[in-house]
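K.L.:
Below is the file input-v7.cif, with mmCIF, C-alpha atoms (C1' of nucleotides).
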data_upload
#
loop_
_atom_site.label_atom_id
_atom_site.label_comp_id
_atom_site.auth_asym_id
_atom_site.auth_seq_id
_atom_site.Cartn_x
_atom_site.Cartn_y
_atom_site.Cartn_z
CA MET A 1265 -18.05 45.23 -89.33
CA THR A 1266 -19.76 43.17 -91.97
CA ALA A 1267 -19.90 39.93 -89.99
CA ASP A 1268 -22.26 39.61 -87.08
CA PRO A 1269 -22.02 36.04 -85.81
CA GLU A 1270 -24.84 36.66 -83.33
CA ASP A 1271 -27.47 37.27 -85.98
CA PRO A 1272 -26.74 35.53 -89.24
CA ARG A 1273 -30.24 35.83 -90.79
CA TRP A 1274 -29.88 32.89 -93.12
CA LEU A 1275 -31.16 33.02 -96.65
CA THR A 1276 -34.55 31.58 -97.48
CA ALA A 1277 -34.64 28.62 -99.84
CA GLU A 1278 -35.44 30.87 -102.79
CA GLN A 1279 -32.78 33.40 -101.95
CA ARG A 1280 -30.26 30.63 -101.56
CA LEU A 1281 -31.16 29.15 -104.92
CA ALA A 1282 -30.91 32.54 -106.58
CA TRP A 1283 -27.57 33.20 -104.96
CA LEU A 1284 -26.08 29.84 -105.93
CA ASP A 1285 -27.13 30.38 -109.52
CA MET A 1286 -25.55 33.80 -109.43
CA VAL A 1287 -22.32 32.25 -108.17
CA ARG A 1288 -22.38 29.77 -111.02
CA LEU A 1289 -22.82 32.63 -113.44
CA LEU A 1290 -20.11 34.72 -111.81
CA THR A 1291 -17.70 31.85 -112.15
CA ARG A 1292 -18.47 30.48 -115.57
CA LEU A 1293 -19.22 33.53 -117.66
CA PRO A 1294 -15.83 35.23 -117.29
CA ALA A 1295 -14.10 31.96 -118.12
CA ILE A 1296 -16.07 31.66 -121.34
CA LEU A 1297 -15.42 35.24 -122.37
CA ASP A 1298 -11.72 34.78 -121.71
CA ALA A 1299 -11.56 31.56 -123.66
CA GLN A 1300 -13.26 33.00 -126.73
CA LEU A 1301 -11.13 36.13 -126.86
CA GLU A 1302 -7.93 34.27 -126.17
CA ARG A 1303 -8.68 31.75 -128.88
CA ASP A 1304 -9.93 34.15 -131.55
CA ALA A 1305 -7.92 37.27 -130.84
CA GLY A 1306 -5.06 36.39 -128.50
CA LEU A 1307 -6.34 38.71 -125.79
CA SER A 1308 -7.62 38.05 -122.30
CA PHE A 1309 -10.95 39.62 -121.51
CA PHE A 1310 -9.19 42.05 -119.24
CA GLU A 1311 -6.77 43.09 -121.98
CA TYR A 1312 -9.66 43.49 -124.39
CA HIS A 1313 -11.53 45.55 -121.84
CA VAL A 1314 -8.55 47.85 -121.36
CA LEU A 1315 -8.13 48.39 -125.09
CA SER A 1316 -11.85 48.75 -125.55
CA MET A 1317 -12.15 51.47 -122.90
CA LEU A 1318 -9.34 53.38 -124.57
CA SER A 1319 -10.99 53.05 -127.93
CA GLU A 1320 -14.19 54.64 -126.61
CA VAL A 1321 -12.66 57.82 -125.36
CA PRO A 1322 -11.72 60.94 -127.33
CA GLY A 1323 -8.04 60.90 -128.16
CA HIS A 1324 -7.86 57.22 -127.28
CA THR A 1325 -6.10 58.25 -124.11
CA LEU A 1326 -6.71 57.75 -120.42
CA ARG A 1327 -4.70 58.16 -117.28
CA LEU A 1328 -3.76 54.84 -115.78
CA SER A 1329 -5.57 55.52 -112.54
CA ARG A 1330 -8.76 56.31 -114.42
CA LEU A 1331 -8.32 53.26 -116.60
CA ALA A 1332 -7.92 51.16 -113.47
CA GLN A 1333 -11.22 52.47 -112.15
CA LEU A 1334 -13.01 51.87 -115.42
CA THR A 1335 -11.80 48.30 -115.59
CA SER A 1336 -12.31 47.67 -111.86
CA SER A 1337 -8.70 46.65 -111.52
CA SER A 1338 -5.92 47.45 -109.11
CA LEU A 1339 -3.33 49.89 -110.32
CA SER A 1340 -0.74 47.20 -109.90
CA ARG A 1341 -2.57 44.81 -112.19
CA LEU A 1342 -3.17 47.53 -114.73
CA SER A 1343 0.44 48.62 -114.63
CA ASN A 1344 1.57 45.11 -115.49
CA VAL A 1345 -0.96 44.67 -118.25
CA VAL A 1346 -0.20 48.05 -119.76
CA LYS A 1347 3.47 47.17 -119.81
CA ARG A 1348 2.72 43.94 -121.69
CA LEU A 1349 0.36 45.63 -124.12
CA GLU A 1350 2.97 48.30 -124.72
CA GLY A 1351 5.50 45.57 -125.45
CA ARG A 1352 3.11 44.17 -128.03
CA GLY A 1353 2.70 47.61 -129.59
CA LEU A 1354 -1.01 47.89 -128.86
CA LEU A 1355 -0.66 51.02 -126.76
CA ARG A 1356 2.02 53.32 -125.48
CA ARG A 1357 2.58 55.23 -122.30
CA GLU A 1358 3.06 58.98 -122.20
CA PRO A 1359 3.74 61.24 -119.26
CA ASP A 1360 0.72 63.33 -118.35
CA PRO A 1361 1.58 66.98 -119.12
CA ASP A 1362 -0.75 68.19 -116.35
CA ASP A 1363 0.59 66.00 -113.57
CA GLY A 1364 4.14 64.78 -113.28
CA ARG A 1365 3.08 61.73 -111.28
CA ALA A 1366 0.64 60.48 -113.84
CA SER A 1367 0.93 58.49 -117.05
CA ARG A 1368 -1.44 58.21 -119.91
CA ALA A 1369 -2.10 55.12 -121.92
CA VAL A 1370 -2.60 55.87 -125.61
CA LEU A 1371 -4.02 53.37 -128.04
CA THR A 1372 -1.84 52.84 -131.10
CA ALA A 1373 -3.08 52.08 -134.58
CA ALA A 1374 -2.24 48.45 -133.99
CA GLY A 1375 -4.24 48.59 -130.77
CA THR A 1376 -7.23 50.01 -132.56
CA ALA A 1377 -6.92 47.32 -135.17
CA ALA A 1378 -6.76 44.64 -132.47
CA VAL A 1379 -9.94 45.86 -130.83
CA GLU A 1380 -11.74 46.09 -134.13
CA LEU A 1381 -10.64 42.59 -134.99
CA ALA A 1382 -11.69 41.16 -131.66
CA ALA A 1383 -14.94 43.04 -131.18
CA PRO A 1384 -17.28 41.22 -133.57
CA GLY A 1385 -16.56 37.79 -132.14
CA HIS A 1386 -16.81 39.10 -128.63
CA VAL A 1387 -20.12 40.82 -129.26
CA THR A 1388 -21.45 37.68 -130.86
CA VAL A 1389 -20.71 35.69 -127.72
CA VAL A 1390 -22.19 38.35 -125.47
CA ARG A 1391 -25.31 38.24 -127.60
CA GLU A 1392 -25.56 34.50 -127.65
CA LEU A 1393 -24.99 34.02 -123.96
CA VAL A 1394 -26.53 37.06 -122.35
CA VAL A 1395 -28.46 39.45 -124.54
CA ASP A 1396 -30.36 37.18 -126.88
CA PRO A 1397 -31.65 34.66 -124.31
CA LEU A 1398 -33.51 37.50 -122.60
CA ASP A 1399 -36.35 39.52 -124.03
CA PRO A 1400 -36.03 43.31 -123.76
CA ALA A 1401 -38.05 43.47 -120.55
CA GLN A 1402 -35.95 40.80 -118.90
CA LEU A 1403 -32.74 42.47 -119.93
CA SER A 1404 -33.96 45.73 -118.56
CA GLN A 1405 -34.92 44.05 -115.26
CA LEU A 1406 -31.54 42.40 -115.10
CA HIS A 1407 -29.91 45.75 -115.68
CA ALA A 1408 -32.02 47.38 -112.98
CA ALA A 1409 -31.03 44.69 -110.50
CA HIS A 1410 -27.39 45.06 -111.41
CA GLU A 1411 -27.59 48.80 -110.94
CA ARG A 1412 -29.01 48.38 -107.46
CA ILE A 1413 -26.31 45.93 -106.53
CA LEU A 1414 -23.62 48.13 -108.01
CA GLY A 1415 -24.99 50.93 -105.89
CA ARG A 1416 -23.81 48.93 -102.92
CA LEU A 1417 -20.52 47.76 -104.37
CA ASP A 1418 -19.51 51.06 -105.81
CA PRO A 1419 -21.50 53.88 -104.22
CA ALA A 1420 -19.52 56.61 -105.97
CA SER A 1421 -19.93 54.91 -109.35
CA ALA A 1422 -16.26 55.57 -109.92
CA THR A 1423 -16.02 52.59 -112.20
CA ARG A 1424 -18.72 53.87 -114.52
CA PRO A 1425 -17.59 55.50 -117.76
CA GLU A 1426 -18.74 59.08 -117.82
CA TRP A 1427 -19.32 58.97 -121.54
CA LEU A 1428 -22.25 56.62 -121.11
CA GLU A 1429 -25.59 58.26 -120.54
CA THR A 1430 -28.18 56.48 -118.46
CA MET B 1487 -18.12 29.18 -134.99
CA THR B 1488 -19.04 31.86 -132.53
CA ALA B 1489 -17.46 34.74 -134.38
CA ASP B 1490 -18.95 36.00 -137.59
CA PRO B 1491 -17.02 39.06 -138.70
CA GLU B 1492 -19.41 39.61 -141.57
CA ASP B 1493 -22.42 40.25 -139.36
CA PRO B 1494 -21.50 41.64 -136.00
CA ARG B 1495 -24.97 42.91 -135.02
CA TRP B 1496 -23.75 45.51 -132.56
CA LEU B 1497 -25.50 46.05 -129.28
CA THR B 1498 -28.03 48.83 -128.93
CA ALA B 1499 -27.23 51.63 -126.50
CA GLU B 1500 -29.36 50.04 -123.80
CA GLN B 1501 -27.93 46.58 -124.30
CA ARG B 1502 -24.47 48.00 -124.19
CA LEU B 1503 -25.15 49.84 -120.97
CA ALA B 1504 -26.63 46.73 -119.41
CA TRP B 1505 -23.68 44.65 -120.51
CA LEU B 1506 -21.08 47.07 -119.21
CA ASP B 1507 -22.81 47.17 -115.84
CA MET B 1508 -22.85 43.39 -115.82
CA VAL B 1509 -19.12 43.36 -116.49
CA ARG B 1510 -18.56 45.74 -113.62
CA LEU B 1511 -20.54 43.42 -111.39
CA LEU B 1512 -18.77 40.32 -112.65
CA THR B 1513 -15.45 41.90 -111.83
CA ARG B 1514 -16.08 43.58 -108.53
CA LEU B 1515 -18.40 41.23 -106.69
CA PRO B 1516 -16.04 38.23 -106.59
CA ALA B 1517 -13.24 40.48 -105.40
CA ILE B 1518 -15.36 41.71 -102.51
CA LEU B 1519 -16.48 38.22 -101.52
CA ASP B 1520 -12.88 37.05 -101.58
CA ALA B 1521 -11.68 39.95 -99.50
CA GLN B 1522 -14.28 39.49 -96.79
CA LEU B 1523 -13.74 35.74 -96.45
CA GLU B 1524 -9.99 36.04 -96.55
CA ARG B 1525 -10.00 38.74 -93.92
CA ASP B 1526 -12.55 37.20 -91.57
CA ALA B 1527 -12.00 33.48 -92.07
CA GLY B 1528 -8.70 32.97 -93.90
CA LEU B 1529 -10.42 31.35 -96.87
CA SER B 1530 -10.73 32.36 -100.47
CA PHE B 1531 -14.24 32.33 -101.85
CA PHE B 1532 -13.37 29.29 -103.89
CA GLU B 1533 -12.08 27.43 -100.84
CA TYR B 1534 -15.20 28.39 -98.94
CA HIS B 1535 -17.35 27.23 -101.81
CA VAL B 1536 -15.62 23.85 -101.89
CA LEU B 1537 -16.05 23.32 -98.17
CA SER B 1538 -19.58 24.60 -98.31
CA MET B 1539 -20.59 22.17 -101.07
CA LEU B 1540 -19.18 19.30 -99.05
CA SER B 1541 -21.02 20.42 -95.96
CA GLU B 1542 -24.35 20.30 -97.82
CA VAL B 1543 -24.14 16.74 -98.93
CA PRO B 1544 -24.96 13.59 -96.92
CA GLY B 1545 -21.77 12.08 -95.54
CA HIS B 1546 -19.91 15.31 -96.26
CA THR B 1547 -18.28 13.51 -99.15
CA LEU B 1548 -18.04 14.08 -102.88
CA ARG B 1549 -15.94 12.74 -105.67
CA LEU B 1550 -13.46 15.30 -106.90
CA SER B 1551 -14.87 15.32 -110.40
CA ARG B 1552 -18.36 16.05 -109.08
CA LEU B 1553 -16.99 18.68 -106.75
CA ALA B 1554 -15.25 20.28 -109.70
CA GLN B 1555 -18.56 20.48 -111.57
CA LEU B 1556 -20.38 21.91 -108.58
CA THR B 1557 -17.80 24.63 -108.12
CA SER B 1558 -17.41 25.28 -111.85
CA SER B 1559 -13.71 24.64 -111.61
CA SER B 1560 -11.21 22.64 -113.59
CA LEU B 1561 -10.17 19.36 -112.06
CA SER B 1562 -6.64 20.67 -112.00
CA ARG B 1563 -7.57 23.70 -109.97
CA LEU B 1564 -9.65 21.62 -107.60
CA SER B 1565 -6.88 19.08 -107.19
CA ASN B 1566 -4.51 21.82 -106.07
CA VAL B 1567 -7.00 23.39 -103.70
CA VAL B 1568 -7.99 20.07 -102.19
CA LYS B 1569 -4.35 19.32 -101.55
CA ARG B 1570 -3.94 22.61 -99.71
CA LEU B 1571 -7.14 22.18 -97.72
CA GLU B 1572 -6.05 18.67 -96.81
CA GLY B 1573 -2.73 20.09 -95.62
CA ARG B 1574 -4.68 22.45 -93.38
CA GLY B 1575 -6.74 19.59 -92.03
CA LEU B 1576 -10.06 20.88 -93.33
CA LEU B 1577 -10.75 17.83 -95.45
CA ARG B 1578 -9.15 14.55 -96.36
CA ARG B 1579 -8.98 12.46 -99.50
CA GLU B 1580 -10.11 8.87 -99.63
CA PRO B 1581 -10.02 6.44 -102.52
CA ASP B 1582 -13.46 5.79 -103.95
CA PRO B 1583 -14.36 2.18 -103.17
CA ASP B 1584 -16.51 1.95 -106.31
CA ASP B 1585 -13.94 3.24 -108.77
CA GLY B 1586 -10.23 2.86 -108.39
CA ARG B 1587 -9.54 5.94 -110.47
CA ALA B 1588 -11.61 8.24 -108.31
CA SER B 1589 -11.00 10.04 -105.04
CA ARG B 1590 -13.46 11.41 -102.59
CA ALA B 1591 -13.04 14.56 -100.58
CA VAL B 1592 -14.39 14.23 -97.06
CA LEU B 1593 -14.95 17.18 -94.80
CA THR B 1594 -13.26 16.84 -91.41
CA ALA B 1595 -14.59 18.16 -88.13
CA ALA B 1596 -12.19 21.08 -88.48
CA GLY B 1597 -13.54 21.69 -91.97
CA THR B 1598 -17.10 21.73 -90.71
CA ALA B 1599 -16.07 24.14 -87.99
CA ALA B 1600 -14.36 26.38 -90.53
CA VAL B 1601 -17.48 26.58 -92.71
CA GLU B 1602 -19.69 27.26 -89.73
CA LEU B 1603 -17.35 29.97 -88.58
CA ALA B 1604 -17.15 31.59 -91.99
CA ALA B 1605 -20.78 31.27 -93.02
CA PRO B 1606 -22.46 34.00 -90.97
CA GLY B 1607 -20.11 36.74 -92.14
CA HIS B 1608 -20.36 35.54 -95.70
CA VAL B 1609 -24.14 35.42 -95.64
CA THR B 1610 -24.23 38.88 -94.16
CA VAL B 1611 -22.22 40.26 -97.06
CA VAL B 1612 -24.33 38.42 -99.62
CA ARG B 1613 -27.41 39.91 -97.99
CA GLU B 1614 -26.01 43.42 -97.86
CA LEU B 1615 -24.74 43.46 -101.39
CA VAL B 1616 -27.16 41.33 -103.35
CA VAL B 1617 -30.24 40.08 -101.56
CA ASP B 1618 -31.33 43.03 -99.46
CA PRO B 1619 -30.99 45.76 -102.12
CA LEU B 1620 -33.59 43.92 -104.19
CA ASP B 1621 -37.20 43.37 -103.29
CA PRO B 1622 -38.51 39.80 -103.64
CA ALA B 1623 -39.87 40.39 -107.13
CA GLN B 1624 -36.59 41.86 -108.33
CA LEU B 1625 -34.60 39.01 -106.87
CA SER B 1626 -36.88 36.53 -108.53
CA GLN B 1627 -36.50 38.35 -111.88
CA LEU B 1628 -32.76 38.39 -111.45
CA HIS B 1629 -32.83 34.70 -110.75
CA ALA B 1630 -34.98 34.01 -113.79
CA ALA B 1631 -32.57 35.94 -116.00
CA HIS B 1632 -29.61 34.08 -114.55
CA GLU B 1633 -31.33 30.77 -115.18
CA ARG B 1634 -31.86 31.63 -118.82
CA ILE B 1635 -28.26 32.65 -119.23
CA LEU B 1636 -27.04 29.57 -117.42
CA GLY B 1637 -29.12 27.54 -119.81
CA ARG B 1638 -26.75 28.76 -122.51
CA LEU B 1639 -23.56 28.45 -120.52
CA ASP B 1640 -24.29 25.07 -119.07
CA PRO B 1641 -27.04 23.33 -121.03
CA ALA B 1642 -26.72 20.07 -119.10
CA SER B 1643 -26.88 21.91 -115.77
CA ALA B 1644 -24.01 19.76 -114.65
CA THR B 1645 -22.87 22.43 -112.25
CA ARG B 1646 -26.17 22.52 -110.43
CA PRO B 1647 -26.36 20.68 -107.12
CA GLU B 1648 -28.93 17.93 -107.35
CA TRP B 1649 -29.99 18.42 -103.75
CA LEU B 1650 -31.50 21.79 -104.56
CA GLU B 1651 -35.09 21.71 -105.72
CA THR B 1652 -36.34 24.36 -108.07
"C1'" DG C 780 7.18 78.52 -99.26
"C1'" DA C 781 8.08 74.49 -96.59
"C1'" DC C 782 6.78 70.23 -94.46
"C1'" DG C 783 3.73 66.40 -93.93
"C1'" DA C 784 0.22 63.88 -96.14
"C1'" DA C 785 -1.84 62.13 -100.06
"C1'" DT C 786 -1.66 60.57 -104.89
"C1'" DA C 787 0.30 58.11 -109.19
"C1'" DG C 788 2.63 54.63 -110.63
"C1'" DT C 789 6.24 50.72 -110.53
"C1'" DT C 790 8.36 46.62 -108.94
"C1'" DC C 791 9.20 42.29 -106.64
"C1'" DA C 792 8.17 38.08 -104.19
"C1'" DA C 793 4.74 34.84 -103.18
"C1'" DG C 794 0.77 32.35 -104.38
"C1'" DC C 795 -2.66 30.71 -107.46
"C1'" DG C 796 -4.73 29.07 -112.01
"C1'" DT C 797 -4.09 27.07 -116.53
"C1'" DC C 798 -2.67 24.07 -119.91
"C1'" DA C 799 -0.24 20.17 -121.44
"C1'" DA C 800 1.56 15.98 -120.32
"C1'" DG C 801 1.60 12.04 -117.49
"C1'" DT C 802 -0.20 7.87 -114.58
"C1'" DA C 803 -3.50 4.68 -113.39
"C1'" DA C 804 -7.91 2.42 -113.61
"C1'" DT C 805 -12.04 1.30 -116.17
"C1'" DT C 806 -15.03 0.82 -120.08
"C1'" DT C 807 -15.96 -0.43 -124.79
"C1'" DG C 808 -15.97 -3.06 -128.93
"C1'" DG C 809 -14.32 -6.47 -131.78
"C1'" DC D 788 -10.90 -11.29 -123.21
"C1'" DC D 789 -7.78 -8.09 -124.92
"C1'" DA D 790 -6.50 -3.62 -126.98
"C1'" DA D 791 -7.87 0.98 -127.65
"C1'" DA D 792 -10.26 4.67 -125.92
"C1'" DT D 793 -12.01 7.07 -122.06
"C1'" DT D 794 -12.19 8.68 -117.44
"C1'" DA D 795 -10.14 10.39 -112.96
"C1'" DC D 796 -6.84 12.65 -111.14
"C1'" DT D 797 -1.91 14.64 -110.45
"C1'" DT D 798 1.99 17.23 -111.56
"C1'" DG D 799 5.09 20.83 -113.40
"C1'" DA D 800 6.13 24.86 -116.05
"C1'" DC D 801 4.54 29.19 -117.06
"C1'" DG D 802 1.98 33.42 -116.69
"C1'" DC D 803 -0.85 36.47 -114.12
"C1'" DT D 804 -2.60 38.80 -109.81
"C1'" DT D 805 -1.82 40.43 -105.30
"C1'" DG D 806 0.02 43.08 -101.64
"C1'" DA D 807 3.73 45.36 -99.70
"C1'" DA D 808 7.36 48.34 -100.26
"C1'" DC D 809 9.36 51.98 -102.89
"C1'" DT D 810 10.01 56.43 -105.84
"C1'" DA D 811 8.39 60.58 -107.45
"C1'" DT D 812 5.29 64.30 -107.62
"C1'" DT D 813 1.62 67.26 -106.00
"C1'" DC D 814 -1.62 69.02 -102.54
"C1'" DG D 815 -2.83 71.16 -98.20
"C1'" DT D 816 -2.04 74.29 -94.71
"C1'" DC D 817 -0.06 77.07 -91.49
#
Can you give me the file's structure in the form of structure tokens?
P.N.:
Amino acid sequence: MTADPEDPRWLTAEQRLAWLDMVRLLTRLPAILDAQLERDAGLSFFEYHVLSMLSEVPGHTLRLSRLAQLTSSSLSRLSNVVKRLEGRGLLRREPDPDDGRASRAVLTAAGTAAVELAAPGHVTVVRELVVDPLDPAQLSQLHAAHERILGRLDPASATRPEWLET
Amino acid sequence: MTADPEDPRWLTAEQRLAWLDMVRLLTRLPAILDAQLERDAGLSFFEYHVLSMLSEVPGHTLRLSRLAQLTSSSLSRLSNVVKRLEGRGLLRREPDPDDGRASRAVLTAAGTAAVELAAPGHVTVVRELVVDPLDPAQLSQLHAAHERILGRLDPASATRPEWLET
DNA sequence: GACGAATAGTTCAAGCGTCAAGTAATTTGG
DNA sequence: CCAAATTACTTGACGCTTGAACTATTCGTC
């Protein structure tokens, strides 16, 4: 369906260069974010992201399936991580009163504290590596390009937090 | 060093939005590339990338340490992957004649065939998801932004293939 | 309202990546 | 020219992700 060996339409030299640089970015940036958070806060980026999403939302509560969408993760991965974070006391699981199948993850006070402890260092790295090297116009162009690409990856925008206005 | 809890300089609303979309991209795009290659060619994206780098270079040979740089991977990860790919007959290891410590990975005929088989489908997906949604100016802006960010992540540009001209 | 399909989440085995420790060869500096 | 430091790579233990299989609940519809 996606592959059509008869008509590969190779990339031009410029496209190829742009793509290879994107691959380098895609590979290295997550590793750096992980390393900083792990070192300074004892959290993987994914764990931080989970806690951070919870901290943004009223009641500090989300259904696991929604949380999986927001963090672009499989339910299986999220289930494991939530179990570990619960074991560390950073969140707890509650049955969803509206749906017997569902669970809610609720941030605990310790979880809130962990996010608040980790956030400044994380934001500093994001600034240093991504936001500050670009001037406002460049950042806005980057964002526009990302939005177009995400439109292909995620047509329903199911992974986009509804509490963020465009 | 990177974290300064006294002065977090939070992101503005726009910066935050741009960053969260970048995170969504960083998470979902690699998963999609992996899925397509695994399904259509039985290779992970990383395996494909390794074979692809070898196929670009004269002699289809690279030292493992250089290959690790080019693929932004740890030597340990590469060592494991090379062992597996060697087991599948897609490449072989040779001692480096110039340095007794070093090994070279050499693409086999089967490895070349595997890349050539996988490439069209992979390129098609890259086009569909990244290249084609953007017009040439947008792609070039995206590339420029990525280059600036990479300048922070990888100041020596050690991960950049030397056979690509800017 | 009952039965099949879909949804929500969990679990387990298998595979992969990471980090620390180890081997071997080479370079450096005294 | 030798010892210490560095470089190149490998290995093994551990933890995490994946995908398939499973349970439980709810939805759809006739």
K.L.:
Find the residues in chain A near chain D: any atom within 7 Å counts, using all atoms listed in the file. Write them as a PyMOL selection string.
P.N.:
chain A and resi 1341+1364-1365
K.L.:
Output C-alpha atoms for every residue in that selection, as a PDB file, in the coordinates of the input.
P.N.:
ATOM      1  CA  ARG A1341      -2.570  44.810-112.190  1.00  0.00           C
ATOM      2  CA  GLY A1364       4.140  64.780-113.280  1.00  0.00           C
ATOM      3  CA  ARG A1365       3.080  61.730-111.280  1.00  0.00           C
TER       4      ARG A1365
END
K.L.:
Write out as a PyMOL selection string every residue belonging to chain A that has an atom at most 12 Å from any atom of chain C, counting all atoms listed in the file.
P.N.:
chain A and resi 1295+1299+1327-1330+1332+1338-1344+1346-1347+1357+1359-1360+1363-1368
K.L.:
Write the residues of the selection above to a file with C-alpha atoms, as a PDB file, in the frame of the given file.
P.N.:
ATOM      1  CA  ALA A1295     -14.100  31.960-118.120  1.00  0.00           C
ATOM      2  CA  ALA A1299     -11.560  31.560-123.660  1.00  0.00           C
ATOM      3  CA  ARG A1327      -4.700  58.160-117.280  1.00  0.00           C
ATOM      4  CA  LEU A1328      -3.760  54.840-115.780  1.00  0.00           C
ATOM      5  CA  SER A1329      -5.570  55.520-112.540  1.00  0.00           C
ATOM      6  CA  ARG A1330      -8.760  56.310-114.420  1.00  0.00           C
ATOM      7  CA  ALA A1332      -7.920  51.160-113.470  1.00  0.00           C
ATOM      8  CA  SER A1338      -5.920  47.450-109.110  1.00  0.00           C
ATOM      9  CA  LEU A1339      -3.330  49.890-110.320  1.00  0.00           C
ATOM     10  CA  SER A1340      -0.740  47.200-109.900  1.00  0.00           C
ATOM     11  CA  ARG A1341      -2.570  44.810-112.190  1.00  0.00           C
ATOM     12  CA  LEU A1342      -3.170  47.530-114.730  1.00  0.00           C
ATOM     13  CA  SER A1343       0.440  48.620-114.630  1.00  0.00           C
ATOM     14  CA  ASN A1344       1.570  45.110-115.490  1.00  0.00           C
ATOM     15  CA  VAL A1346      -0.200  48.050-119.760  1.00  0.00           C
ATOM     16  CA  LYS A1347       3.470  47.170-119.810  1.00  0.00           C
ATOM     17  CA  ARG A1357       2.580  55.230-122.300  1.00  0.00           C
ATOM     18  CA  PRO A1359       3.740  61.240-119.260  1.00  0.00           C
ATOM     19  CA  ASP A1360       0.720  63.330-118.350  1.00  0.00           C
ATOM     20  CA  ASP A1363       0.590  66.000-113.570  1.00  0.00           C
ATOM     21  CA  GLY A1364       4.140  64.780-113.280  1.00  0.00           C
ATOM     22  CA  ARG A1365       3.080  61.730-111.280  1.00  0.00           C
ATOM     23  CA  ALA A1366       0.640  60.480-113.840  1.00  0.00           C
ATOM     24  CA  SER A1367       0.930  58.490-117.050  1.00  0.00           C
ATOM     25  CA  ARG A1368      -1.440  58.210-119.910  1.00  0.00           C
TER      26      ARG A1368
END
K.L.:
When the PyMOL selection byres ((chain A) within 7 of (chain B)) is applied to the file above, which residues end up in the set, as a CSV table (one decimal) with C-alpha atoms, in the frame of the given file?
P.N.:
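Okay, this is what ended up in expr.csv:
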chain,number,residue,atom,x,y,z
A,1266,THR,CA,-19.8,43.2,-92.0
A,1267,ALA,CA,-19.9,39.9,-90.0
A,1268,ASP,CA,-22.3,39.6,-87.1
A,1269,PRO,CA,-22.0,36.0,-85.8
A,1272,PRO,CA,-26.7,35.5,-89.2
A,1274,TRP,CA,-29.9,32.9,-93.1
A,1282,ALA,CA,-30.9,32.5,-106.6
A,1285,ASP,CA,-27.1,30.4,-109.5
A,1286,MET,CA,-25.6,33.8,-109.4
A,1288,ARG,CA,-22.4,29.8,-111.0
A,1289,LEU,CA,-22.8,32.6,-113.4
A,1290,LEU,CA,-20.1,34.7,-111.8
A,1291,THR,CA,-17.7,31.8,-112.2
A,1292,ARG,CA,-18.5,30.5,-115.6
A,1336,SER,CA,-12.3,47.7,-111.9
A,1384,PRO,CA,-17.3,41.2,-133.6
A,1385,GLY,CA,-16.6,37.8,-132.1
A,1387,VAL,CA,-20.1,40.8,-129.3
A,1388,THR,CA,-21.4,37.7,-130.9
A,1389,VAL,CA,-20.7,35.7,-127.7
A,1393,LEU,CA,-25.0,34.0,-124.0
A,1394,VAL,CA,-26.5,37.1,-122.4
A,1397,PRO,CA,-31.6,34.7,-124.3
A,1398,LEU,CA,-33.5,37.5,-122.6
A,1402,GLN,CA,-36.0,40.8,-118.9
A,1405,GLN,CA,-34.9,44.0,-115.3
A,1406,LEU,CA,-31.5,42.4,-115.1
A,1407,HIS,CA,-29.9,45.8,-115.7
A,1409,ALA,CA,-31.0,44.7,-110.5
A,1410,HIS,CA,-27.4,45.1,-111.4
A,1412,ARG,CA,-29.0,48.4,-107.5
A,1413,ILE,CA,-26.3,45.9,-106.5
A,1414,LEU,CA,-23.6,48.1,-108.0
A,1416,ARG,CA,-23.8,48.9,-102.9
A,1417,LEU,CA,-20.5,47.8,-104.4
K.L.:
Could you give the C-alpha RMSD in Å for chain A superposed on chain B, pairing all atoms in order?
P.N.:
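That gives an RMSD of 0.0 Å.
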K.L.:
What is the CA of Ser1308 (chain A) to CA of Asp1520 (chain B) distance in Å?
P.N.:
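Those two atoms sit 21.4 Å apart.
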K.L.:
If I take CA of Arg1356 (chain A) and CA of Pro1322 (chain A), how far is one from the other in Å, to one decimal?
P.N.:
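Between these atoms lies a distance of 15.8 Å.
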K.L.:
One decimal, in Å: what's the spacing between CA of Leu1326 (chain A) and CA of Leu1371 (chain A)?
P.N.:
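One can read the CA of Leu1326 (chain A) to CA of Leu1371 (chain A) distance as 9.2 Å.
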K.L.:
Applying 6 Å and all atoms listed in the file, which residues near Leu1577 (chain B) remain after dropping the ones on its own chain fewer than 4 positions away? List them as an mmCIF file with C-alpha atoms, in the coordinates of the input.
P.N.:
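File written: out.cif
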data_model
loop_
_atom_site.group_PDB
_atom_site.id
_atom_site.type_symbol
_atom_site.label_atom_id
_atom_site.label_comp_id
_atom_site.auth_asym_id
_atom_site.auth_seq_id
_atom_site.Cartn_x
_atom_site.Cartn_y
_atom_site.Cartn_z
ATOM 1 C CA GLU B 1572 -6.050 18.670 -96.810
ATOM 2 C CA VAL B 1592 -14.390 14.230 -97.060
ATOM 3 C CA LEU B 1593 -14.950 17.180 -94.800
ATOM 4 C CA THR B 1594 -13.260 16.840 -91.410
ATOM 5 C CA GLY B 1597 -13.540 21.690 -91.970
#
